[in-house]
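A.B. asks: Here you go, this is run_11.cif (mmCIF, C-alpha atoms and all ligand atoms).
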data_final
#
loop_
_atom_site.label_atom_id
_atom_site.label_comp_id
_atom_site.auth_asym_id
_atom_site.auth_seq_id
_atom_site.Cartn_x
_atom_site.Cartn_y
_atom_site.Cartn_z
CA THR M 1 127.96 196.73 72.80
CA ASN M 2 125.12 196.13 75.20
CA PRO M 3 122.43 193.98 73.55
CA ASN M 4 119.84 195.50 75.86
CA PHE M 5 120.59 199.08 74.88
CA VAL M 6 117.71 200.77 73.08
CA LYS M 7 118.37 203.96 71.14
CA ILE M 8 115.51 206.44 71.28
CA VAL M 9 115.35 209.04 68.52
CA GLU M 10 113.29 212.02 69.62
CA VAL M 11 111.36 213.33 66.61
CA GLY M 12 108.92 215.65 68.42
CA PRO M 13 110.52 218.93 67.28
CA ARG M 14 110.14 217.81 63.65
CA ASP M 15 107.43 215.14 63.23
CA GLY M 16 105.57 216.40 66.27
CA LEU M 17 105.43 220.06 65.33
CA GLN M 18 105.40 220.02 61.51
CA ASN M 19 101.63 219.64 61.34
CA GLU M 20 100.76 222.43 63.78
CA PRO M 21 98.61 225.03 62.01
CA LYS M 22 99.74 228.08 64.01
CA PRO M 23 103.34 229.22 63.64
CA ILE M 24 105.43 228.29 66.66
CA PRO M 25 108.18 230.86 67.34
CA PRO M 26 111.72 229.52 66.86
CA PRO M 27 112.71 230.34 70.47
CA ILE M 28 109.97 227.98 71.71
CA LYS M 29 111.17 225.22 69.38
CA ALA M 30 114.75 225.80 70.52
CA GLU M 31 113.67 225.67 74.15
CA LEU M 32 111.91 222.37 73.46
CA ILE M 33 115.05 220.94 71.85
CA ASN M 34 117.28 222.18 74.67
CA ARG M 35 115.01 220.74 77.34
CA LEU M 36 114.91 217.40 75.51
CA ALA M 37 118.71 217.30 75.48
CA ILE M 38 118.80 218.13 79.20
CA SER M 39 116.37 215.28 79.86
CA GLY M 40 119.06 212.92 78.56
CA LEU M 41 117.98 212.34 74.97
CA ARG M 42 121.03 211.78 72.79
CA ASN M 43 119.39 211.83 69.36
CA ILE M 44 117.06 214.65 68.42
CA GLU M 45 115.55 215.41 65.02
CA ALA M 46 115.49 219.17 65.21
CA GLY M 47 113.52 220.17 62.11
CA SER M 48 113.50 220.01 58.36
CA PHE M 49 114.68 221.96 55.32
CA VAL M 50 111.66 221.33 53.14
CA SER M 51 109.59 223.61 50.92
CA PRO M 52 107.75 226.14 53.11
CA LYS M 53 104.89 225.93 50.62
CA TRP M 54 104.46 222.29 51.54
CA VAL M 55 105.15 222.44 55.26
CA PRO M 56 105.01 226.06 56.47
CA GLN M 57 105.66 225.16 60.11
CA MET M 58 109.23 224.03 59.39
CA ALA M 59 110.19 227.28 57.65
CA GLY M 60 112.15 228.54 60.67
CA THR M 61 114.44 225.55 61.10
CA ALA M 62 117.61 227.52 60.31
CA GLU M 63 116.72 230.01 63.03
CA VAL M 64 115.93 227.19 65.45
CA LEU M 65 119.32 225.58 64.84
CA ALA M 66 121.02 228.90 65.51
CA LEU M 67 119.23 229.16 68.86
CA ILE M 68 119.90 225.70 70.26
CA ASP M 69 122.59 225.24 72.86
CA SER M 70 125.30 222.70 72.32
CA PHE M 71 125.05 219.57 74.41
CA PRO M 72 128.12 217.65 73.26
CA LYS M 73 126.62 214.25 73.97
CA THR M 74 123.51 214.92 71.91
CA GLY M 75 123.49 214.63 68.12
CA TYR M 76 120.97 216.54 66.05
CA SER M 77 119.55 215.62 62.69
CA VAL M 78 117.42 217.43 60.14
CA LEU M 79 115.20 216.13 57.41
CA VAL M 80 116.04 217.10 53.82
CA PRO M 81 113.91 216.20 50.78
CA ASN M 82 116.29 217.24 48.02
CA GLN M 83 119.55 218.91 47.06
CA LYS M 84 118.25 222.37 47.95
CA GLY M 85 117.46 221.28 51.51
CA LEU M 86 120.95 219.83 51.91
CA ASP M 87 122.57 222.96 50.39
CA ASP M 88 120.70 225.16 52.85
CA LEU M 89 121.85 223.01 55.74
CA LEU M 90 125.49 222.85 54.62
CA GLU M 91 125.57 226.61 54.31
CA ILE M 92 124.64 226.96 57.98
CA LEU M 93 127.10 224.31 59.08
CA SER M 94 130.05 225.96 57.39
CA PRO M 95 129.41 229.72 57.36
CA SER M 96 132.11 231.89 55.83
CA ILE M 97 133.77 233.07 59.02
CA SER M 98 134.89 236.66 58.85
CA PRO M 99 137.70 237.67 61.21
CA ASN M 100 135.37 239.94 63.20
CA SER M 101 132.58 237.43 63.34
CA HIS M 102 131.17 236.73 66.75
CA ALA M 103 128.76 234.22 65.31
CA LYS M 104 127.88 231.25 67.45
CA PRO M 105 129.62 228.09 66.30
CA PRO M 106 127.33 225.93 64.16
CA PRO M 107 125.19 223.50 66.11
CA SER M 108 126.18 219.87 66.28
CA VAL M 109 124.09 218.60 63.38
CA THR M 110 125.69 215.25 62.74
CA GLU M 111 123.10 213.72 60.52
CA VAL M 112 120.52 214.27 57.81
CA ALA M 113 117.42 212.21 57.23
CA ILE M 114 116.13 211.54 53.74
CA PHE M 115 112.68 210.14 53.19
CA THR M 116 110.71 208.13 50.73
CA SER M 117 107.77 205.83 50.84
CA ALA M 118 106.56 202.32 50.11
CA THR M 119 103.77 203.51 47.78
CA ASP M 120 103.72 205.87 44.84
CA ALA M 121 100.48 207.49 46.01
CA PHE M 122 101.99 208.54 49.33
CA SER M 123 105.25 209.56 47.71
CA PHE M 124 103.41 211.89 45.32
CA ALA M 125 101.37 213.36 48.17
CA ASN M 126 104.44 213.93 50.33
CA THR M 127 107.13 214.89 47.81
CA ASN M 128 105.47 215.22 44.38
CA VAL M 129 107.35 212.32 42.84
CA SER M 130 107.07 208.53 42.49
CA VAL M 131 109.02 206.19 44.76
CA SER M 132 111.57 205.39 42.06
CA GLY M 133 111.77 209.09 41.16
CA SER M 134 112.41 209.96 44.80
CA LEU M 135 115.17 207.36 45.07
CA GLU M 136 116.82 208.87 42.01
CA ARG M 137 116.50 212.33 43.52
CA LEU M 138 117.88 211.22 46.88
CA ALA M 139 120.92 209.21 45.75
CA PRO M 140 123.08 212.27 44.97
CA VAL M 141 121.82 214.01 48.12
CA ALA M 142 122.97 211.07 50.23
CA ARG M 143 126.32 211.01 48.46
CA ARG M 144 126.95 214.70 49.06
CA ALA M 145 125.89 214.50 52.68
CA LEU M 146 128.29 211.61 53.24
CA ASP M 147 131.06 213.54 51.51
CA ALA M 148 130.37 216.45 53.86
CA GLY M 149 130.91 214.11 56.81
CA LEU M 150 127.27 213.75 57.80
CA LYS M 151 125.57 210.49 58.60
CA VAL M 152 122.51 209.70 56.53
CA ARG M 153 119.34 208.15 57.88
CA GLY M 154 116.57 206.94 55.60
CA TYR M 155 112.84 206.85 56.23
CA VAL M 156 110.30 204.65 54.53
CA SER M 157 106.73 205.88 55.02
CA VAL M 158 103.53 203.83 54.97
CA VAL M 159 105.11 200.48 55.81
CA VAL M 160 101.79 198.93 56.86
CA THR M 161 98.93 200.83 55.24
CA CYS M 162 98.75 203.82 52.92
CA PRO M 163 95.96 206.39 53.31
CA PHE M 164 95.53 206.38 49.52
CA SER M 165 96.26 202.83 48.39
CA GLY M 166 95.37 200.70 51.41
CA ARG M 167 97.29 197.66 52.58
CA VAL M 168 100.98 197.81 51.66
CA ASP M 169 102.91 194.85 50.32
CA PRO M 170 105.87 194.22 52.69
CA ARG M 171 107.99 193.35 49.66
CA ARG M 172 107.78 196.99 48.62
CA VAL M 173 109.04 198.03 52.05
CA ARG M 174 111.85 195.49 51.75
CA ASP M 175 112.97 196.75 48.34
CA VAL M 176 112.88 200.44 49.24
CA SER M 177 114.73 199.78 52.52
CA ARG M 178 117.44 197.89 50.66
CA GLU M 179 117.85 200.75 48.19
CA LEU M 180 118.26 203.25 51.03
CA VAL M 181 120.98 201.10 52.57
CA GLN M 182 122.71 200.84 49.20
CA MET M 183 122.59 204.63 49.00
CA GLY M 184 124.62 204.84 52.20
CA CYS M 185 121.96 205.10 54.92
CA TYR M 186 123.37 203.71 58.16
CA GLU M 187 119.86 203.31 59.49
CA VAL M 188 116.44 202.88 57.90
CA SER M 189 113.47 203.99 59.93
CA LEU M 190 110.28 202.14 59.08
CA GLY M 191 107.33 204.50 59.31
CA ASP M 192 103.92 203.22 60.23
CA THR M 193 102.61 206.58 59.14
CA THR M 194 98.94 205.81 59.63
CA GLY M 195 99.46 203.94 62.90
CA ALA M 196 97.43 201.02 61.59
CA GLY M 197 100.07 198.46 62.55
CA THR M 198 99.52 195.67 65.03
CA PRO M 199 102.10 193.29 66.47
CA ALA M 200 101.05 190.77 63.80
CA SER M 201 101.34 193.11 60.82
CA ILE M 202 104.56 194.67 62.12
CA ARG M 203 106.11 191.23 62.56
CA GLY M 204 105.01 190.15 59.09
CA MET M 205 106.50 193.30 57.57
CA LEU M 206 109.77 192.93 59.50
CA GLU M 207 110.13 189.29 58.45
CA GLU M 208 110.03 190.38 54.83
CA VAL M 209 112.36 193.38 55.22
CA ALA M 210 114.88 191.33 57.22
CA LYS M 211 115.36 189.05 54.21
CA GLU M 212 117.44 191.82 52.65
CA VAL M 213 118.34 194.30 55.38
CA ASP M 214 120.18 193.57 58.60
CA VAL M 215 117.79 194.06 61.53
CA GLY M 216 120.47 196.07 63.34
CA THR M 217 120.09 198.70 60.62
CA LEU M 218 116.34 199.06 61.11
CA ALA M 219 114.47 201.49 63.31
CA GLY M 220 110.77 201.56 64.18
CA HIS M 221 108.81 204.79 63.65
CA PHE M 222 105.35 204.01 64.84
CA HIS M 223 102.49 206.47 64.98
CA ASP M 224 100.02 205.67 67.74
CA THR M 225 96.68 206.27 66.04
CA ASN M 226 95.20 203.01 67.33
CA GLY M 227 97.10 202.74 70.60
CA THR M 228 99.23 199.86 69.32
CA ALA M 229 102.58 201.61 68.98
CA THR M 230 104.06 200.42 72.27
CA ALA M 231 102.95 196.86 71.56
CA ASN M 232 104.50 197.18 68.10
CA ILE M 233 107.77 198.35 69.64
CA MET M 234 107.84 195.35 71.98
CA THR M 235 107.28 193.09 68.98
CA ALA M 236 110.04 194.79 67.03
CA LEU M 237 112.41 194.54 70.02
CA ASP M 238 111.69 190.84 70.15
CA PHE M 239 112.53 190.71 66.47
CA GLY M 240 115.91 192.36 67.13
CA LEU M 241 115.39 196.06 66.43
CA ARG M 242 117.08 198.38 68.93
CA THR M 243 116.20 201.85 67.65
CA PHE M 244 112.83 203.58 67.96
CA ASP M 245 111.53 207.01 67.10
CA ALA M 246 109.22 208.76 69.52
CA SER M 247 107.71 212.16 70.11
CA VAL M 248 107.50 213.81 73.52
CA GLY M 249 103.89 214.26 74.63
CA GLY M 250 102.83 212.14 71.63
CA LEU M 251 102.98 215.31 69.53
CA GLY M 252 102.18 215.26 65.89
CA GLY M 253 100.58 213.79 62.86
CA CYS M 254 101.66 213.77 59.23
CA PRO M 255 100.27 216.53 57.01
CA TYR M 256 99.77 213.98 54.23
CA SER M 257 98.16 211.23 56.30
CA PRO M 258 94.69 212.50 57.21
CA GLY M 259 93.50 211.45 60.66
CA ALA M 260 96.79 209.90 61.75
CA THR M 261 97.93 210.98 65.21
CA GLY M 262 101.39 211.59 66.54
CA ASN M 263 104.24 209.23 67.10
CA VAL M 264 104.24 207.06 70.12
CA ALA M 265 104.98 209.29 73.12
CA THR M 266 108.61 209.18 74.23
CA GLU M 267 107.42 208.97 77.85
CA ASP M 268 105.34 205.88 77.04
CA VAL M 269 108.29 204.14 75.38
CA VAL M 270 110.67 204.96 78.22
CA TYR M 271 108.08 203.79 80.74
CA ALA M 272 107.40 200.53 78.90
CA LEU M 273 111.12 199.77 78.73
CA THR M 274 112.28 200.92 82.16
CA GLY M 275 109.26 201.91 84.27
CA ASP M 276 109.78 199.04 86.72
CA ARG M 277 112.63 201.01 88.20
CA LEU M 278 110.26 203.64 89.51
CA PHE M 279 108.99 201.16 92.05
CA GLY M 280 112.32 199.90 93.39
CA ASP M 281 113.70 196.38 93.59
CA ILE M 282 112.14 193.17 94.71
CA GLY M 283 115.04 191.06 95.83
CA GLU M 284 113.73 188.90 98.66
CA PRO M 285 113.85 185.11 98.24
CA TYR M 286 110.37 183.80 97.64
CA GLY M 287 108.68 180.37 97.82
CA ASN M 288 111.36 177.71 97.46
CA GLY M 289 114.06 180.12 98.55
CA GLU M 290 115.34 180.93 95.07
CA PRO M 291 116.04 184.64 94.80
CA SER M 292 113.25 186.13 92.71
CA GLU M 293 113.98 188.12 89.64
CA THR M 294 114.41 191.76 90.42
CA ALA M 295 111.89 194.18 89.06
CA GLN M 296 114.67 195.92 87.18
CA SER M 297 113.91 196.08 83.50
CA ARG M 298 116.49 194.48 81.26
CA TRP M 299 116.29 197.36 78.79
CA ASP M 300 118.69 200.28 78.95
CA VAL M 301 117.67 203.59 77.35
CA GLY M 302 120.66 205.56 78.61
CA PRO M 303 120.39 208.54 80.92
CA ILE M 304 116.85 209.61 79.99
CA ASP M 305 115.02 211.17 82.92
CA LEU M 306 111.38 210.15 82.66
CA ALA M 307 110.12 212.73 85.16
CA ARG M 308 111.74 215.55 83.19
CA LEU M 309 110.33 214.14 79.98
CA ALA M 310 106.82 214.09 81.43
CA GLU M 311 107.17 217.74 82.38
CA ILE M 312 108.38 218.67 78.90
CA GLY M 313 105.44 216.80 77.34
CA GLU M 314 103.01 218.67 79.54
CA TRP M 315 104.71 222.01 78.95
CA ILE M 316 104.85 221.83 75.14
CA SER M 317 101.30 220.47 74.94
CA GLY M 318 100.19 223.43 77.06
CA VAL M 319 102.01 225.81 74.70
CA LEU M 320 100.00 224.25 71.87
CA GLY M 321 96.79 224.61 73.86
CA ARG M 322 96.10 220.98 74.62
CA GLU M 323 96.87 218.13 76.98
CA THR M 324 99.74 215.71 76.55
CA THR M 325 98.53 212.45 75.02
CA SER M 326 101.22 210.47 76.86
CA ARG M 327 99.55 208.04 79.25
CA ALA M 328 102.78 207.50 81.20
CA GLY M 329 103.39 211.25 81.29
CA LYS M 330 99.96 211.94 82.77
CA ALA M 331 100.23 209.11 85.28
CA LEU M 332 103.63 210.26 86.42
CA LEU M 333 102.54 213.86 86.85
CA ALA M 334 99.55 212.71 88.92
CA ARG M 335 101.73 210.69 91.31
P1 LIG M 401 107.90 220.53 44.33
O1 LIG M 401 106.82 221.55 44.38
O2 LIG M 401 107.77 219.42 43.34
O3 LIG M 401 109.36 221.16 44.21
O4 LIG M 401 108.03 219.93 45.80
P2 LIG M 401 110.03 222.21 43.28
O5 LIG M 401 111.43 221.78 43.13
O6 LIG M 401 109.18 222.43 42.05
O7 LIG M 401 110.00 223.53 44.17
C1 LIG M 401 108.82 224.22 44.51
C2 LIG M 401 109.18 225.42 45.37
O8 LIG M 401 109.70 224.98 46.63
C3 LIG M 401 110.27 226.29 44.77
O9 LIG M 401 110.03 227.61 45.23
C4 LIG M 401 111.52 225.77 45.43
O10 LIG M 401 112.54 226.71 45.50
C5 LIG M 401 111.04 225.44 46.81
P3 LIG M 401 109.41 228.71 44.23
O11 LIG M 401 110.36 228.77 43.09
O12 LIG M 401 108.06 228.18 43.83
O13 LIG M 401 109.37 229.93 45.10
N1 LIG M 401 111.82 224.40 47.44
C6 LIG M 401 112.37 224.48 48.66
N2 LIG M 401 112.36 225.45 49.58
C7 LIG M 401 113.01 225.21 50.74
N3 LIG M 401 113.64 224.05 51.02
C8 LIG M 401 113.68 223.05 50.11
C9 LIG M 401 113.01 223.24 48.89
N4 LIG M 401 112.84 222.49 47.79
C10 LIG M 401 112.12 223.19 46.91
N5 LIG M 401 114.30 221.90 50.40
C11 LIG M 401 109.43 219.02 47.52
C12 LIG M 401 108.97 218.91 46.08
C13 LIG M 401 110.18 217.74 47.85
C14 LIG M 401 110.33 220.22 47.66
C15 LIG M 401 108.19 219.19 48.41
O14 LIG M 401 107.26 218.21 48.08
C16 LIG M 401 108.50 219.11 49.87
O15 LIG M 401 109.18 219.95 50.45
N6 LIG M 401 108.01 218.07 50.56
C17 LIG M 401 108.26 217.86 51.97
C18 LIG M 401 107.07 217.24 52.61
C19 LIG M 401 107.35 217.00 54.08
O16 LIG M 401 108.16 217.64 54.69
N7 LIG M 401 106.61 216.03 54.65
C20 LIG M 401 106.72 215.72 56.03
C21 LIG M 401 107.99 215.01 56.38
S1 LIG M 401 107.97 213.29 55.98
C22 LIG M 401 107.06 212.55 57.26
O17 LIG M 401 106.50 213.21 58.09
C23 LIG M 401 107.06 211.05 57.35
C24 LIG M 401 108.00 210.51 58.43
O18 LIG M 401 107.69 211.05 59.71
C25 LIG M 401 107.89 208.97 58.49
C26 LIG M 401 106.45 208.51 58.63
O19 LIG M 401 105.82 208.76 59.68
O20 LIG M 401 105.97 207.94 57.65
C27 LIG M 401 109.46 210.86 58.12
MG MG M 402 106.24 210.30 61.08
#
Just give me the structure of the file as structure tokens.
Ligand code: HMG
Ligand code: MG
C.D. replies:
Amino acid sequence: TNPNFVKIVEVGPRDGLQNEPKPIPPPIKAELINRLAISGLRNIEAGSFVSPKWVPQMAGTAEVLALIDSFPKTGYSVLVPNQKGLDDLLEILSPSISPNSHAKPPPSVTEVAIFTSATDAFSFANTNVSVSGSLERLAPVARRALDAGLKVRGYVSVVVTCPFSGRVDPRRVRDVSRELVQMGCYEVSLGDTTGAGTPASIRGMLEEVAKEVDVGTLAGHFHDTNGTATANIMTALDFGLRTFDASVGGLGGCPYSPGATGNVATEDVVYALTGDRLFGDIGEPYGNGEPSETAQSRWDVGPIDLARLAEIGEWISGVLGRETTSRAGKALLAR
């Protein structure tokens, strides 16, 4: 495995759209997901099977899944909060096929994401249960998903600050992350839900979590409320993480984290990791005749096409009646 490979998990269709007040038609969501796959993204969180009373915008996820095209190299995941969410998903994935059925084959959902939090206050606001109660609720969900052949990803919210209880003790993040791994999560995504994190607080939190969870299992999920998400990603990369969540156009915000903005824009992450390549190589010997380092970035994000991504960010932001918040996206489109 390439130590410089960075896995990007596109969460725009779920985290990015879940907070939108006006219903977005499933065909638009499906078009977004299809375009993201075409841009080279290999991991896309397509939606969630949560209570429509809690998050009305995700109510159409089943319809969205039925509308997405299959891109065999791209894996899709959906968020489930409980057994009912998983049941609803499994029903779609294995429909009773009647001999005359011309139904489209089920989409390639390879993974579910379960989610909990580092504080009870946030956990109650998000899922109406304490952290320990949510872990109890999720354990059998994870087991059944694994039995059904799905991979299970875990999220921990509010890993730096909580909108209700302030500064979060990294030891809480460590303990919850460990429990998710013990439940069978192959990856634990650490959510800086409020986007309060800085390189210093992210490093401090990671140092604590890494005492009990292998860094290769951890992912960074950084909201960009204060403009520090890219810096936080660079810090986490330095610490050994190789998986990051991002949202095209910087879409989003969490319904239960007032004032928090979207995830770091996928375009901004891809630019920070590989943008040097846009400007070609510098390979001429310089000064003492030693060949200079090339401008090629040492990070590899796979086949992601940044120009396409910038267009998608602009398009979906336009659909939502606003501008993309991606700095790299805007800069690229202005070139
Ligand atoms: P509850 O009200 O305690 O649940 O909510 P309940 O079991 O009493 O059910 C209430 C109603 O919801 C019932 O319907 C259920 O059938 C229905 P009624 O009988 O009243 O008509 N229901 C469902 N419907 C569809 N799908 C389901 C489902 N479950 C129950 N799966 C519950 C508890 C967990 C259901 C609720 O709190 C919930 O859905 N929460 C989800 C909140 C959410 O989606 N938050 C955003 C995602 S997490 C996030 O954004 C953070 C993250 O990005 C990381 C970060 O940035 O921090 C991942
Ligand atoms: Mg989030």
A.B. asks: Could you work out how far CA of Ala231 (chain M) lies from CA of Asn34 (chain M), giving the answer in Å with one decimal?
C.D. replies: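 Atom-to-atom, CA of Asn34 (chain M) and CA of Ala231 (chain M) are spaced 29.3 Å apart.
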A.B. asks: Enumerate, in order of chain and increasing residue number, the residues of chain M with an atom no farther than 9 Å from ligand MG 402 (chain M), each with its shortest atom pair and distance in Å to one decimal, counting only C-alpha atoms and all ligand atoms, as CSV.
C.D. replies:
residue,atom,partner,partner_atom,distance
M:Val11,CA,M:MG402,MG,8.1
M:Arg14,CA,M:MG402,MG,8.8
M:Asp15,CA,M:MG402,MG,5.4
M:Gly16,CA,M:MG402,MG,8.0
M:Tyr155,CA,M:MG402,MG,8.9
M:Ser157,CA,M:MG402,MG,7.5
M:Gly191,CA,M:MG402,MG,6.2
M:Asp192,CA,M:MG402,MG,7.5
M:Thr193,CA,M:MG402,MG,5.5
M:Thr194,CA,M:MG402,MG,8.7
M:His221,CA,M:MG402,MG,6.6
M:Phe222,CA,M:MG402,MG,7.4
M:His223,CA,M:MG402,MG,6.6
M:Asp245,CA,M:MG402,MG,8.7
M:Gly252,CA,M:MG402,MG,8.0
M:Gly253,CA,M:MG402,MG,6.9
M:Cys254,CA,M:MG402,MG,6.0
M:Gly262,CA,M:MG402,MG,7.4
M:Asn263,CA,M:MG402,MG,6.4
A.B. asks: Using all atoms listed in the file, collect all residues at a distance of at most 10 Å from (117.1, 210.8, 46.2) as written in the file, then present them as a ChimeraX atom specification.
C.D. replies: /M:80-83,114-116,131-143,180,183
A.B. asks: Determine the nearest neighbour of Glu311 (chain M) from the options M:Val213, M:Leu36, M:Cys162, M:Ile28, counting all atoms listed in the file.
C.D. replies: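 Result for the nearest residue to Glu311 (chain M): M:Leu36.
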A.B. asks: Check the smallest atom-to-atom distance from each of M:Val159, M:Ala219, M:Val168, M:Leu32 to Trp315 (chain M) using only C-alpha atoms, then report the winner.
C.D. replies: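 Under the stated criterion, the closest residue is M:Leu32.
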A.B. asks: What are the centre and edge lengths in Å, to one decimal, of the axis-aligned box around all listed atoms of ligand LIG 401 (chain M) with 5 Å added on each side, as JSON?
C.D. replies:
{"center_x": 110.1, "center_y": 218.9, "center_z": 50.9, "size_x": 18.5, "size_y": 32.0, "size_z": 27.7}
A.B. asks: As an exercise, work out the distance from CA of Thr228 (chain M) to CA of Val264 (chain M) in Å and give it to one decimal place.
C.D. replies: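 So the answer is 8.8 Å.
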A.B. asks: From the options M:Lys7, M:Lys73, M:Arg153, M:Arg327, which residue's atoms come nearest to ligand LIG 401 (chain M), counting only C-alpha atoms and all ligand atoms?
C.D. replies: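 Closest to ligand LIG 401 (chain M) of all the choices is M:Arg153.
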A.B. asks: Kindly indicate which residue among M:Arg172, M:Lys29, M:Arg277, M:Arg144 lies nearest to Asp120 (chain M), using only C-alpha atoms for the distances.
C.D. replies: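 Distance minimum relative to Asp120 (chain M) lands on M:Arg172.
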A.B. asks: Pick from M:Pro72, M:Gly184, M:Pro199, M:Gly220: nearest to ligand LIG 401 (chain M), with only C-alpha atoms and all ligand atoms counted?
C.D. replies: M:Gly220
A.B. asks: What does the structure give for the distance between CA of Ala66 (chain M) and atom C22 of ligand LIG 401 (chain M), in Å to one decimal?
C.D. replies: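 Separation between CA of Ala66 (chain M) and atom C22 of ligand LIG 401 (chain M): 23.0 Å.
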A.B. asks: Which polymer residues have any atom within 10 Å of an atom of Val9 (chain M), counting only C-alpha atoms, with same-chain residues fewer than 3 positions away left out, as a PyMOL selection string?
C.D. replies: chain M and resi 6+12+41-45+75-77+219-221+243-247+266
